[in-house]
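Asks: Got a structure for you, upload.txt, holding compact mmCIF, C-alpha atoms.
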```txt
# COMPACT_ATOMS: atom_id res chain seq x y z
CA MET A 1 -35.97 -51.59 5.56
CA THR A 2 -36.78 -52.71 9.09
CA MET A 3 -34.14 -51.72 11.64
CA PRO A 4 -33.08 -54.34 14.19
CA CYS A 5 -34.52 -53.77 17.65
CA TYR A 6 -31.06 -54.11 19.20
CA PRO A 7 -28.58 -51.75 17.46
CA ASN A 8 -25.54 -53.34 19.03
CA GLY A 9 -26.78 -56.89 18.63
CA CYS A 10 -28.11 -59.32 21.20
CA VAL A 11 -26.23 -61.31 23.75
CA VAL A 12 -26.35 -65.04 23.21
CA GLY A 13 -28.64 -65.69 26.16
CA SER A 14 -31.43 -63.47 24.83
CA GLN A 15 -31.38 -64.44 21.16
CA ALA A 16 -33.24 -67.74 21.52
CA ARG A 17 -36.72 -67.37 20.13
CA GLY A 18 -39.53 -67.91 22.56
CA ASP A 19 -37.68 -66.79 25.70
CA ALA A 20 -40.17 -64.04 26.38
CA GLY A 21 -43.02 -66.48 25.99
CA SER A 22 -41.54 -69.31 28.04
CA SER A 23 -42.31 -70.08 31.66
CA ARG A 24 -38.67 -69.35 32.60
CA SER A 25 -38.95 -65.67 31.68
CA PHE A 26 -42.66 -65.26 32.33
CA PHE A 27 -42.99 -61.72 33.75
CA TYR A 28 -39.30 -61.92 34.80
CA VAL A 29 -38.65 -58.28 33.96
CA ASN A 30 -36.55 -56.10 36.20
CA MET A 31 -38.60 -52.92 36.02
CA ASN A 32 -35.75 -50.78 37.40
CA ASN A 33 -33.41 -51.23 34.45
CA GLY A 34 -35.56 -53.04 31.87
CA ASN A 35 -33.54 -56.26 31.96
CA VAL A 36 -35.16 -59.63 31.42
CA ASN A 37 -33.64 -61.82 34.12
CA ASN A 38 -32.16 -64.24 31.61
CA ASN A 39 -28.69 -64.44 33.22
CA ASN A 40 -29.09 -60.71 33.96
CA ALA A 41 -28.35 -59.87 30.34
CA ASN A 42 -28.42 -56.15 29.54
CA ASN A 43 -30.88 -55.65 26.68
CA GLN A 44 -30.22 -51.94 26.19
CA LEU A 45 -33.38 -50.93 28.05
CA ARG A 46 -35.45 -52.40 25.18
CA ALA A 47 -37.09 -55.26 27.09
CA ARG A 48 -40.83 -55.05 27.74
CA PRO A 49 -42.90 -57.16 30.16
CA VAL A 50 -44.42 -59.98 28.07
CA ARG A 51 -46.81 -62.63 29.29
CA ARG A 52 -46.85 -66.06 27.68
CA ALA A 53 -50.04 -67.24 26.00
CA ALA A 54 -52.21 -69.08 28.50
CA PRO A 55 -53.34 -72.59 27.62
CA ALA A 56 -57.00 -73.09 26.81
CA SER A 57 -57.64 -74.87 30.10
CA GLU A 58 -56.68 -71.74 32.10
CA CYS A 59 -59.22 -69.64 30.22
CA GLN A 60 -62.00 -72.21 29.82
CA GLY A 61 -61.85 -74.18 33.06
CA GLU A 62 -61.13 -77.87 33.53
CA VAL A 63 -62.99 -78.86 30.34
CA SER A 64 -62.17 -76.98 27.14
CA VAL A 65 -64.16 -76.84 23.93
CA ARG A 66 -61.25 -78.51 22.15
CA MET A 67 -61.48 -81.51 24.48
CA LEU A 68 -65.21 -81.81 23.82
CA TYR A 69 -64.66 -81.41 20.08
CA ASP A 70 -62.24 -84.37 20.10
CA CYS A 71 -64.79 -86.41 22.07
CA MET A 72 -67.48 -85.46 19.55
CA ARG A 73 -65.33 -86.77 16.71
CA THR A 74 -64.73 -89.99 18.65
CA ALA A 75 -68.45 -90.42 19.34
CA ARG A 76 -69.34 -90.13 15.64
CA ARG A 77 -66.49 -92.30 14.34
CA LYS A 78 -67.57 -95.28 12.20
CA LYS A 79 -71.24 -94.70 12.97
CA LYS A 80 -74.07 -94.00 10.62
CA PRO A 81 -75.44 -90.57 11.60
CA ASN A 82 -78.94 -90.44 13.03
CA VAL A 83 -81.33 -87.51 13.36
CA ASP A 84 -80.16 -86.63 16.88
CA GLN A 85 -76.53 -86.47 15.78
CA LEU A 86 -77.35 -84.31 12.76
CA LYS A 87 -79.32 -81.88 14.92
CA PHE A 88 -76.40 -81.65 17.34
CA GLU A 89 -73.87 -81.04 14.58
CA LEU A 90 -76.03 -78.35 12.97
CA ARG A 91 -75.13 -76.09 15.92
CA TRP A 92 -72.18 -78.03 17.24
CA MET A 93 -70.24 -75.08 18.65
CA GLU A 94 -73.19 -73.78 20.65
CA ASN A 95 -73.94 -77.27 21.92
CA LEU A 96 -70.34 -77.92 22.94
CA ILE A 97 -70.13 -74.59 24.77
CA GLY A 98 -73.34 -75.45 26.60
CA ILE A 99 -71.93 -78.83 27.65
CA GLN A 100 -68.65 -77.18 28.67
CA LYS A 101 -70.45 -74.69 30.89
CA ALA A 102 -72.51 -77.42 32.55
CA LEU A 103 -69.43 -79.56 33.21
CA ASN A 104 -67.29 -76.73 34.57
CA THR A 105 -70.08 -75.50 36.85
CA ARG A 106 -70.82 -79.08 38.01
CA THR A 107 -74.45 -78.90 36.86
CA TRP A 108 -74.39 -81.46 34.04
CA GLN A 109 -77.23 -83.98 33.97
CA PRO A 110 -77.87 -86.75 31.40
CA GLY A 111 -80.70 -86.08 28.99
CA ARG A 112 -83.45 -88.14 27.48
CA SER A 113 -82.63 -91.52 25.95
CA THR A 114 -84.29 -93.38 23.10
CA SER A 115 -85.70 -96.87 23.66
CA PHE A 116 -86.14 -99.52 20.96
CA ILE A 117 -86.08 -103.31 20.63
CA ALA A 118 -83.13 -105.13 19.03
CA THR A 119 -84.09 -108.62 17.87
CA GLN A 120 -80.68 -110.13 17.01
CA PRO A 121 -79.29 -112.37 18.38
CA LYS A 122 -82.23 -112.21 20.81
CA ALA A 123 -84.82 -109.59 21.74
CA ARG A 124 -83.43 -106.88 24.03
CA GLN A 125 -84.56 -103.44 25.11
CA ILE A 126 -81.93 -100.86 24.13
CA HIS A 127 -81.69 -97.35 25.60
CA ALA A 128 -79.57 -95.18 23.31
CA PRO A 129 -78.33 -91.89 24.84
CA GLY A 130 -78.57 -88.56 23.08
CA PHE A 131 -75.54 -87.51 21.04
CA GLY A 132 -74.65 -84.76 23.51
CA ASP A 133 -74.55 -87.33 26.32
CA MET A 134 -72.35 -89.56 24.17
CA VAL A 135 -69.82 -86.72 23.92
CA VAL A 136 -69.67 -86.53 27.73
CA HIS A 137 -69.40 -90.32 27.98
CA HIS A 138 -66.32 -90.29 25.75
CA LEU A 139 -64.81 -87.56 27.90
CA VAL A 140 -65.34 -89.13 31.33
CA VAL A 141 -65.23 -92.91 30.82
CA PRO A 142 -61.55 -92.94 29.67
CA LYS A 143 -60.63 -90.99 32.82
CA VAL A 144 -62.30 -93.57 35.07
CA GLU A 145 -61.01 -96.42 32.92
CA ALA A 146 -57.43 -95.24 33.47
CA VAL A 147 -57.97 -95.67 37.22
CA TYR A 148 -59.36 -99.20 37.03
CA GLU A 149 -57.65 -100.79 34.04
CA PRO A 150 -54.30 -101.51 35.79
CA THR A 151 -56.05 -103.56 38.50
CA PHE A 152 -58.56 -105.53 36.40
CA ILE A 153 -57.64 -109.19 36.16
CA HIS A 154 -56.07 -110.39 32.93
CA ASP A 155 -58.91 -112.77 32.10
CA SER A 156 -61.75 -110.22 32.02
CA TYR A 157 -62.50 -109.85 28.31
CA ALA A 158 -65.52 -107.58 27.85
CA ASN A 159 -65.22 -103.99 26.59
CA ARG A 160 -61.46 -103.70 27.03
CA ARG A 161 -58.73 -102.83 24.57
CA GLY A 162 -56.91 -105.89 23.26
CA LYS A 163 -59.59 -108.26 24.61
CA GLY A 164 -62.97 -109.20 23.13
CA THR A 165 -64.89 -112.36 22.29
CA HIS A 166 -62.27 -114.00 20.08
CA ALA A 167 -59.50 -113.49 22.65
CA ALA A 168 -61.78 -114.98 25.32
CA VAL A 169 -62.51 -118.07 23.20
CA ARG A 170 -58.80 -118.58 22.48
CA ARG A 171 -58.02 -118.31 26.19
CA LEU A 172 -60.75 -120.82 27.06
CA GLY A 173 -59.31 -123.23 24.49
CA GLN A 174 -55.91 -122.84 26.15
CA PHE A 175 -57.37 -123.61 29.60
CA ILE A 176 -59.21 -126.68 28.28
CA ARG A 177 -56.13 -128.06 26.53
CA GLN A 178 -53.99 -127.52 29.63
CA VAL A 179 -56.34 -129.62 31.77
CA ALA A 180 -57.21 -132.24 29.13
CA SER A 181 -53.63 -132.86 27.99
CA GLY A 182 -51.67 -135.68 29.58
CA GLN A 183 -54.07 -137.73 31.66
CA GLY A 184 -57.18 -136.47 29.87
CA GLY A 185 -60.49 -135.83 31.55
CA GLY A 186 -61.32 -132.56 33.28
CA TRP A 187 -64.50 -130.54 33.85
CA TYR A 188 -65.79 -127.05 33.31
CA LEU A 189 -68.30 -125.00 35.32
CA GLN A 190 -70.13 -122.40 33.24
CA LEU A 191 -72.30 -119.86 35.05
CA ASP A 192 -74.38 -116.87 34.01
CA ILE A 193 -75.96 -114.13 36.11
CA HIS A 194 -79.73 -113.73 36.03
CA ASN A 195 -80.91 -110.46 34.42
CA PHE A 196 -77.47 -108.92 35.00
CA PHE A 197 -77.68 -105.29 33.84
CA TYR A 198 -81.11 -104.73 35.37
CA SER A 199 -80.00 -106.29 38.69
CA ILE A 200 -76.94 -104.07 39.27
CA ASN A 201 -77.49 -102.04 42.42
CA ARG A 202 -76.57 -98.44 41.60
CA ARG A 203 -75.99 -97.49 45.25
CA VAL A 204 -73.49 -100.30 45.68
CA LEU A 205 -71.83 -99.39 42.39
CA TRP A 206 -71.55 -95.70 43.35
CA ALA A 207 -70.00 -96.64 46.71
CA MET A 208 -67.36 -98.68 44.86
CA LEU A 209 -66.62 -95.91 42.37
CA LYS A 210 -66.61 -93.06 44.90
CA LYS A 211 -64.10 -94.72 47.20
CA ARG A 212 -61.74 -95.63 44.39
CA LEU A 213 -61.98 -92.31 42.52
CA GLU A 214 -61.42 -90.24 45.66
CA ARG A 215 -58.36 -92.29 46.50
CA SER A 216 -56.97 -91.79 42.99
CA GLY A 217 -57.50 -88.01 43.10
CA ALA A 218 -60.20 -87.81 40.42
CA SER A 219 -61.48 -84.32 39.62
CA ASP A 220 -64.76 -82.93 40.94
CA MET A 221 -66.08 -82.87 37.38
CA THR A 222 -65.48 -86.60 36.95
CA MET A 223 -67.10 -87.37 40.29
CA GLN A 224 -70.16 -85.23 39.47
CA VAL A 225 -70.72 -86.84 36.05
CA VAL A 226 -70.36 -90.39 37.39
CA HIS A 227 -72.79 -89.62 40.21
CA ALA A 228 -75.25 -88.03 37.77
CA LEU A 229 -75.19 -91.16 35.59
CA LEU A 230 -76.06 -93.38 38.56
CA ALA A 231 -78.28 -91.19 40.73
CA LYS A 232 -81.54 -91.53 38.81
CA HIS A 233 -83.36 -94.28 36.98
CA VAL A 234 -83.41 -93.81 33.21
CA GLU A 235 -87.20 -93.47 33.21
CA GLN A 236 -86.90 -90.47 35.57
CA ARG A 237 -84.75 -88.63 33.02
CA GLY A 238 -87.25 -89.18 30.24
CA VAL A 239 -87.37 -91.82 27.53
CA LEU A 240 -88.53 -91.59 23.92
CA HIS A 241 -90.10 -94.99 23.21
CA LEU A 242 -89.81 -96.01 19.56
CA GLU A 243 -90.88 -99.61 20.07
CA SER A 244 -94.44 -100.65 19.32
CA ALA A 245 -96.60 -102.64 21.71
CA ASP A 246 -96.00 -105.77 19.60
CA ASP A 247 -92.23 -105.23 19.72
CA LEU A 248 -92.36 -104.85 23.50
CA LEU A 249 -94.08 -108.22 23.83
CA LEU A 250 -90.94 -109.86 22.43
CA VAL A 251 -89.10 -108.91 25.64
CA PRO A 252 -90.17 -110.60 28.91
CA ARG A 253 -91.36 -108.21 31.63
CA HIS A 254 -88.37 -108.85 33.89
CA LYS A 255 -86.07 -107.98 30.96
CA ARG A 256 -87.43 -104.42 30.72
CA LEU A 257 -85.60 -101.64 32.51
CA GLU A 258 -88.78 -99.93 33.74
CA ASN A 259 -89.58 -103.08 35.78
CA SER A 260 -86.24 -103.25 37.59
CA ALA A 261 -86.12 -103.08 41.39
CA PRO A 262 -85.65 -99.71 43.17
CA ASP A 263 -82.08 -98.34 42.90
CA CYS A 264 -81.26 -101.10 40.42
CA GLY A 265 -80.65 -101.26 36.70
CA LEU A 266 -78.25 -99.89 34.10
CA PRO A 267 -79.44 -99.17 30.55
CA ILE A 268 -78.15 -101.48 27.84
CA GLY A 269 -76.70 -99.64 24.86
CA ASN A 270 -74.28 -97.00 26.14
CA LEU A 271 -70.58 -96.75 26.95
CA PRO A 272 -70.79 -96.09 30.73
CA SER A 273 -72.99 -99.14 31.36
CA GLN A 274 -70.49 -101.43 29.64
CA PHE A 275 -67.62 -100.08 31.72
CA PHE A 276 -69.59 -99.93 34.99
CA ALA A 277 -70.44 -103.61 34.54
CA ASN A 278 -66.72 -104.42 34.65
CA VAL A 279 -66.30 -102.26 37.76
CA TYR A 280 -69.20 -104.00 39.49
CA MET A 281 -67.88 -107.48 38.67
CA ASP A 282 -64.26 -106.65 39.50
CA ALA A 283 -64.88 -107.46 43.17
CA PHE A 284 -66.11 -110.89 42.08
CA ASP A 285 -63.09 -111.39 39.80
CA GLN A 286 -60.73 -110.61 42.69
CA PHE A 287 -62.66 -113.00 44.95
CA VAL A 288 -62.37 -115.88 42.47
CA LYS A 289 -58.67 -115.32 41.79
CA HIS A 290 -57.42 -114.44 45.28
CA GLU A 291 -59.76 -116.22 47.68
CA LEU A 292 -60.93 -119.24 45.72
CA LYS A 293 -57.49 -119.42 44.07
CA ALA A 294 -59.07 -120.51 40.79
CA GLU A 295 -56.22 -120.68 38.30
CA ARG A 296 -58.30 -121.16 35.16
CA TYR A 297 -61.15 -118.65 35.26
CA LEU A 298 -62.34 -116.14 32.67
CA ARG A 299 -65.31 -113.82 32.34
CA TYR A 300 -67.09 -111.98 29.53
CA VAL A 301 -69.65 -109.52 31.00
CA ASP A 302 -71.87 -111.84 33.09
CA ASP A 303 -70.89 -115.14 31.48
CA PHE A 304 -67.94 -116.90 33.14
CA VAL A 305 -66.22 -120.28 33.05
CA LEU A 306 -64.00 -122.15 35.50
CA VAL A 307 -61.95 -125.15 34.32
CA HIS A 308 -60.54 -127.77 36.70
CA ARG A 309 -59.57 -131.42 36.77
CA ASP A 310 -61.69 -132.18 39.85
CA ARG A 311 -65.50 -132.06 39.60
CA ALA A 312 -65.90 -131.91 43.39
CA GLN A 313 -63.75 -128.76 43.54
CA LEU A 314 -65.96 -127.03 40.99
CA GLU A 315 -69.05 -127.97 43.02
CA ARG A 316 -67.54 -126.41 46.14
CA TRP A 317 -66.65 -123.26 44.21
CA GLN A 318 -70.19 -123.01 42.89
CA ILE A 319 -71.61 -122.82 46.42
CA GLN A 320 -69.08 -120.13 47.44
CA ILE A 321 -69.74 -118.13 44.26
CA GLU A 322 -73.51 -118.11 44.80
CA GLN A 323 -73.05 -116.90 48.39
CA PHE A 324 -70.61 -114.12 47.41
CA LEU A 325 -72.81 -112.83 44.60
CA ALA A 326 -75.87 -112.72 46.86
CA ASP A 327 -74.16 -111.14 49.88
CA ARG A 328 -71.83 -108.61 48.24
CA LEU A 329 -73.36 -107.77 44.86
CA HIS A 330 -77.07 -108.64 45.31
CA LEU A 331 -76.98 -110.90 42.25
CA LYS A 332 -78.11 -114.45 41.62
CA LEU A 333 -77.18 -117.11 39.09
CA LYS A 334 -79.37 -118.40 36.31
CA ALA A 335 -80.86 -121.83 36.79
CA ASP A 336 -78.95 -123.06 33.74
CA ILE A 337 -75.76 -124.20 35.52
CA ARG A 338 -73.46 -126.27 33.32
CA LEU A 339 -71.05 -128.62 35.06
CA ARG A 340 -69.85 -130.93 32.28
CA PRO A 341 -66.80 -132.87 31.14
CA LEU A 342 -64.43 -131.06 28.78
CA SER A 343 -64.99 -133.72 26.14
CA ALA A 344 -68.62 -132.55 25.80
CA GLY A 345 -67.48 -129.13 24.54
CA CYS A 346 -68.04 -125.73 26.14
CA ASP A 347 -70.61 -123.54 24.35
CA PHE A 348 -69.20 -120.02 24.85
CA LEU A 349 -69.62 -116.73 22.93
CA GLY A 350 -70.80 -118.26 19.66
CA TYR A 351 -68.36 -121.20 19.62
CA VAL A 352 -68.19 -124.70 21.07
CA VAL A 353 -64.68 -125.32 22.40
CA PHE A 354 -63.35 -128.89 22.61
CA PRO A 355 -59.91 -130.07 23.79
CA THR A 356 -58.86 -130.76 20.19
CA HIS A 357 -60.77 -128.23 18.10
CA THR A 358 -63.32 -125.39 18.05
CA ARG A 359 -66.66 -125.41 16.25
CA VAL A 360 -69.14 -122.67 15.42
CA ARG A 361 -72.30 -122.68 17.50
CA ALA A 362 -75.23 -124.34 15.67
CA ARG A 363 -77.48 -121.32 16.29
CA VAL A 364 -75.03 -119.03 14.47
CA LEU A 365 -75.09 -121.33 11.45
CA GLN A 366 -78.87 -121.46 11.54
CA HIS A 367 -79.10 -117.65 11.51
CA ALA A 368 -76.61 -117.45 8.62
CA LYS A 369 -78.56 -119.96 6.53
CA GLN A 370 -81.85 -118.16 7.22
CA LYS A 371 -80.44 -114.81 6.11
CA LEU A 372 -78.88 -116.22 2.95
CA LEU A 373 -82.08 -118.08 2.06
CA ALA A 374 -84.17 -114.93 2.58
CA TRP A 375 -81.81 -112.90 0.37
CA LYS A 376 -81.93 -115.56 -2.34
CA GLN A 377 -85.75 -115.65 -2.35
CA ASP A 378 -85.93 -111.85 -2.63
CA HIS A 379 -83.21 -111.17 -5.19
CA ILE A 380 -82.12 -114.29 -7.13
CA HIS A 381 -84.20 -114.89 -10.24
CA GLY A 382 -82.90 -117.75 -12.35
CA ARG A 383 -79.32 -116.91 -13.34
CA GLU A 384 -79.60 -113.22 -12.41
CA ALA A 385 -79.38 -111.28 -9.15
CA ILE A 386 -81.52 -108.13 -9.12
CA ALA A 387 -80.87 -105.75 -6.25
CA THR A 388 -80.02 -102.13 -5.51
CA PRO A 389 -76.41 -101.16 -4.72
CA GLU A 390 -77.35 -100.69 -1.05
CA GLN A 391 -78.82 -104.20 -0.86
CA LEU A 392 -75.66 -105.63 -2.44
CA ARG A 393 -73.51 -103.76 0.10
CA GLN A 394 -75.64 -105.16 2.92
CA LEU A 395 -75.11 -108.67 1.55
CA ASN A 396 -71.34 -108.07 1.45
CA SER A 397 -71.35 -106.83 5.05
CA CYS A 398 -73.48 -109.74 6.26
CA TRP A 399 -71.33 -112.42 4.62
CA ALA A 400 -68.09 -110.69 5.71
CA SER A 401 -69.25 -110.75 9.33
CA TYR A 402 -70.04 -114.48 9.15
CA GLN A 403 -66.71 -115.16 7.45
CA GLY A 404 -64.97 -113.31 10.26
CA HIS A 405 -66.79 -115.45 12.81
CA LEU A 406 -66.07 -118.69 10.97
CA ARG A 407 -62.39 -117.83 10.62
CA HIS A 408 -61.83 -118.16 14.38
CA ALA A 409 -63.02 -121.78 14.40
CA ASP A 410 -61.88 -124.94 12.61
CA SER A 411 -64.37 -124.35 9.83
CA TYR A 412 -62.64 -124.51 6.42
CA ARG A 413 -64.82 -127.36 5.15
CA LEU A 414 -67.93 -125.74 6.64
CA THR A 415 -67.23 -122.53 4.72
CA GLN A 416 -66.75 -124.48 1.50
CA ARG A 417 -70.06 -126.28 2.02
CA ILE A 418 -71.89 -122.96 2.48
CA LEU A 419 -70.36 -121.56 -0.72
CA ALA A 420 -71.16 -124.74 -2.61
CA SER A 421 -74.82 -124.62 -1.55
CA HIS A 422 -75.03 -120.91 -2.45
CA PRO A 423 -72.90 -120.55 -5.62
CA TRP A 424 -74.34 -117.08 -6.33
CA LEU A 425 -72.82 -115.83 -3.06
CA ASP A 426 -69.24 -115.99 -4.32
CA ASN A 427 -70.21 -114.13 -7.51
CA LEU A 428 -71.72 -111.24 -5.58
CA THR A 429 -69.19 -110.91 -2.75
CA SER A 430 -65.79 -111.91 -4.15
CA THR A 431 -65.51 -108.75 -6.29
CA ARG A 432 -65.82 -105.27 -4.85
CA ARG A 433 -68.12 -103.37 -7.16
CA ARG A 434 -68.45 -99.61 -7.40
CA TYR A 435 -71.62 -97.90 -8.54
CA THR A 436 -72.21 -94.42 -9.89
CA PHE A 437 -74.53 -92.19 -7.93
CA GLN A 438 -77.10 -92.41 -10.72
CA LEU A 439 -77.58 -96.12 -9.92
CA GLU A 440 -78.19 -95.59 -6.19
CA GLY A 441 -81.70 -96.72 -5.36
CA GLN A 442 -82.09 -98.38 -8.77
CA PRO A 443 -82.16 -102.19 -9.20
CA VAL A 444 -79.15 -103.56 -11.08
CA SER A 445 -78.87 -106.97 -12.71
CA ILE A 446 -75.80 -109.20 -12.22
CA ARG A 447 -75.33 -112.58 -13.85
CA VAL A 448 -74.60 -115.32 -11.29
CA ARG A 449 -73.93 -119.04 -11.19
CA GLN A 450 -76.66 -121.38 -9.99
CA SER A 451 -76.34 -124.80 -8.46
```
Using structure tokens, write down the structure that the file contains.
Replies:
Amino acid sequence: MTMPCYPNGCVVGSQARGDAGSSRSFFYVNMNNGNVNNNNANNQLRARPVRRAAPASECQGEVSVRMLYDCMRTARRKKKPNVDQLKFELRWMENLIGIQKALNTRTWQPGRSTSFIATQPKARQIHAPGFGDMVVHHLVVPKVEAVYEPTFIHDSYANRRGKGTHAAVRRLGQFIRQVASGQGGGWYLQLDIHNFFYSINRRVLWAMLKKRLERSGASDMTMQVVHALLAKHVEQRGVLHLESADDLLLVPRHKRLENSAPDCGLPIGNLPSQFFANVYMDAFDQFVKHELKAERYLRYVDDFVLVHRDRAQLERWQIQIEQFLADRLHLKLKADIRLRPLSAGCDFLGYVVFPTHTRVRARVLQHAKQKLLAWKQDHIHGREAIATPEQLRQLNSCWASYQGHLRHADSYRLTQRILASHPWLDNLTSTRRRYTFQLEGQPVSIRVRQS
């Protein structure tokens, strides 16, 4: 039987578990009489000097492996794994330790990115970072975001929690109804920045970030990573080009990152670029709200709208906006400047917003009809649908995304017309089907209704 360490019992002050490991009694041992200085209790000369367990950050530096592991899980969340991710995860501990060492010694540099062409909704050149870089992005961007988020204006809707395209469209509808109600009338000024991401001046952006981060007390690690992301052009770090020559022809020359001006250009397709775009445009947001005193203004990335009752006021603002963008941010507006009455509807983020209702943009409907027609031609044969389970899941995902888009407009009758013209669609998407693994990759036949 184990004998108690204290034959005569313990005083109340020393019986609480964890005292020896707490910061209050950390190395608080009177070495003359063996008493832990917990109210000078006499512990019968049995006390020993005990050090509390150090947190991981004390042993591993500012960045711990656990922090990077959490960022790795965030980076892979809800994403289909690619080859680069699988290679990283094959030796994930070694890779995380390597990243940790580089961050703590302030030697981290972004690696090679992968370039390809995305064709929907329009052709764009995408530069996807390596999975290891994505882990660092998810570590650093939230730290910088915490500095800027409290001072961003309310009506900036891109890449922010609780915002997004649907919130922006609802807010625009509110602005339009406020102006159009009562006396009616009103105008909107819709502007877009020419070649936005590839026109961002990285030197100007770094000057903005450096001043703000230093003032907020950001760590040296954060400063080093942000500087490393902006110091070099993506092409200087190395790019794996997956696009073919024919694919590249779909993108105009001025829309390719390799043709951007010196010290200009952020790659499309990664987390830092999305956040840095908000930082770069924040100066413009503050100018519009506090100097122009525009009450009804909202922005989504580089697309922004001002709503006012007076057309002449919007024309004056347009001149001031063009001058500010050119002088402070080295940006210019697209030639497509829309100054129109509210009754004409404002085409914004996939919707057309009127004072009384909201419609879905015609181009979105055209794309939906083209995709459904293509699926019908490939898989509908008489009164049967023949497709693999993966193709049926893709159809479900495609139609669910369009339903989600339609739901944010006044489109009940439009949805019913689509279902009526494609009666097989409801058969294949209204019921969630499960398939055994033996059927994966094999065509299955499902009886459907035809018009």
Asks: Do you have, as JSON lines, the list of residues of region 178-244 of chain A lying at most 10 Å from region 60-84 of chain A, each with its nearest atom pair and that distance in Å to one decimal, counting only C-alpha atoms and ordered by chain then number?
Replies:
```
{"residue": "A:Ser219", "atom": "CA", "partner": "A:Glu62", "partner_atom": "CA", "distance": 8.9}
{"residue": "A:Asp220", "atom": "CA", "partner": "A:Glu62", "partner_atom": "CA", "distance": 9.7}
{"residue": "A:Met221", "atom": "CA", "partner": "A:Glu62", "partner_atom": "CA", "distance": 8.0}
```
Asks: What is the distance between CA of Glu384 (chain A) and CA of Gln438 (chain A), in Å to one decimal?
Replies: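 Spanning CA of Glu384 (chain A) to CA of Gln438 (chain A) is a straight-line distance of 21.0 Å.
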Asks: Counting only C-alpha atoms, which of A:Val307, A:Ala146, A:Ile153, A:Val225 gets nearest to Ile99 (chain A)?
Replies: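 Counting only C-alpha atoms, the residue closest to Ile99 (chain A) is A:Val225.
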Asks: Can you work out which one of A:Ile337, A:Met208, A:Val226, A:Leu439 has the shortest atom-to-atom distance to Met281 (chain A), counting only C-alpha atoms?
Replies: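 Going through A:Ile337, A:Met208, A:Val226, A:Leu439 one by one, the smallest distance to Met281 (chain A) is for A:Met208.
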Asks: What gap, in Å, lies between CA of Tyr300 (chain A) and CA of Gln323 (chain A)?
Replies: 20.4 Å
Asks: For Ala344 (chain A), which residue out of A:His405, A:Arg393, A:Thr436, A:Tyr188 is the nearest one, using all atoms listed in the file?
Replies: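 Counting all atoms listed in the file, the residue closest to Ala344 (chain A) is A:Tyr188.
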Asks: Given only C-alpha atoms as the basis, pick out the residue of A:Ala400, A:Asp282, A:Ala231, A:Lys293 nearest to Arg328 (chain A).
Replies: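 Closest candidate: A:Asp282.
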Asks: Please, what distance in Å, to one decimal, runs between CA of Ser181 (chain A) and CA of Gly162 (chain A)?
Replies: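 CA of Gly162 (chain A) lies 27.6 Å from CA of Ser181 (chain A).
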Asks: Rank A:Thr356, A:Thr431, A:Ala326, A:Ile446 by their smallest atom-to-atom distance to His381 (chain A), using only C-alpha atoms, and report the top residue only.
Replies: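 Checking each candidate against His381 (chain A), we get A:Ile446 as the closest.
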Asks: Just checking: using only C-alpha atoms, which residue out of A:Asn270, A:Gln174, A:Asn195, A:Gln442 ends up closest to Pro252 (chain A)?
Replies: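 So, comparing all the options, the nearest one is A:Asn195.
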Asks: Find the spatial neighbours of Phe275 (chain A), counting all atoms listed in the file, within a cut-off of 10 Å - ignore same-chain residues fewer than 2 positions away - and output them as a JSON list (two decimals) with C-alpha atoms, in the coordinates of the input.
Replies:
```json
[["chain", "number", "residue", "atom", "x", "y", "z"],
["A", 141, "VAL", "CA", -65.23, -92.91, 30.82],
["A", 142, "PRO", "CA", -61.55, -92.94, 29.67],
["A", 144, "VAL", "CA", -62.30, -93.57, 35.07],
["A", 145, "GLU", "CA", -61.01, -96.42, 32.92],
["A", 148, "TYR", "CA", -59.36, -99.20, 37.03],
["A", 158, "ALA", "CA", -65.52, -107.58, 27.85],
["A", 159, "ASN", "CA", -65.22, -103.99, 26.59],
["A", 160, "ARG", "CA", -61.46, -103.70, 27.03],
["A", 270, "ASN", "CA", -74.28, -97.00, 26.14],
["A", 271, "LEU", "CA", -70.58, -96.75, 26.95],
["A", 272, "PRO", "CA", -70.79, -96.09, 30.73],
["A", 273, "SER", "CA", -72.99, -99.14, 31.36],
["A", 277, "ALA", "CA", -70.44, -103.61, 34.54],
["A", 278, "ASN", "CA", -66.72, -104.42, 34.65],
["A", 279, "VAL", "CA", -66.30, -102.26, 37.76],
["A", 280, "TYR", "CA", -69.20, -104.00, 39.49],
["A", 301, "VAL", "CA", -69.65, -109.52, 31.00]]
```
Asks: Taking all atoms listed in the file into account, produce a table as a tab-separated table in which each residue of region 337-387 of chain A with an atom at most 8 Å from an atom of region 175-180 of chain A appears once, together with its shortest atom pair and the distance in Å to one decimal, ordered by chain and rising number.
Replies:
```
residue	atom	partner	partner_atom	distance
A:Leu342	CA	A:Ile176	CA	6.8
A:Phe354	CA	A:Ile176	CA	7.4
A:Pro355	CA	A:Arg177	CA	5.1
A:Thr356	CA	A:Arg177	CA	7.4
```
Asks: Determine, counting only C-alpha atoms, which protein, DNA and RNA residues have an atom within 8 Å of an atom of region 255-269 of chain A; residues of the same chain fewer than 6 positions away are not included. Present the result as number ranges by chain.
Replies: A: 124-129, 195, 197-203, 232-235
Asks: Show me, as a PyMOL selection string, the residues that have an atom within 8 Å of Gly350 (chain A) when counting all atoms listed in the file, minus same-chain residues fewer than 3 positions from it.
Replies: chain A and resi 347+360-361+364
Asks: Return as JSON the box centre and box size in Å, one decimal, for an axis-aligned box around all listed atoms of region 196-211 of chain A padded by 8 Å per side.
Replies:
```
{"center_x": -72.6, "center_y": -101.0, "center_z": 40.5, "size_x": 33.0, "size_y": 31.9, "size_z": 29.4}
```
